[in-house]
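Here's the structure, in structure tokens; my notes come after.
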Amino acid sequence: MQEELKAKIIAVCDKKIAAKGENVGLSFYAFFANKNTDPEMLMQAATWWIHTHKLDHFEKARKIKQMIIEGD
């Protein structure tokens, strides 16, 4: 996964946690605008989320942030 995407995921998780608390959930779509402006990055996130880790559609933001930080 590109460093740019990792940084974006962490930033979005931090923002969601700050706004809605530690138990806020999100999907990988939270990291992208409603328009498909970067299909390559979207596919990286989707592959990591769905194929590599077999995560549910919604996961806790704190869990996703920790996975990224730990390099999982």
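Ordering of the structure tokens sets the chain letters (A, B, ...), residue numbers begin anew at 1 in every chain, and ligands are numbered from 1 in the order given.
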
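Scanning chain A with DSSP on the backbone, the strand (DSSP E or B) assignments fall on Gly25, Leu26, Glu59 and Lys60 of chain A.
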
Task: Selection near region 55-65 of chain A, 9 Å with only C-alpha atoms, sequence-local residues under 5 positions removed, as a list in words - done: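 In the requested form, the answer reads Lys6, Ile9, Ile10, Ala11, Val12, Cys13, Asp14, Lys16, Ile17, Glu22, Asn23, Val24, Gly25, Leu26, Ser27, Phe28, Trp48, Trp49, Ile50 and Glu70 of chain A.
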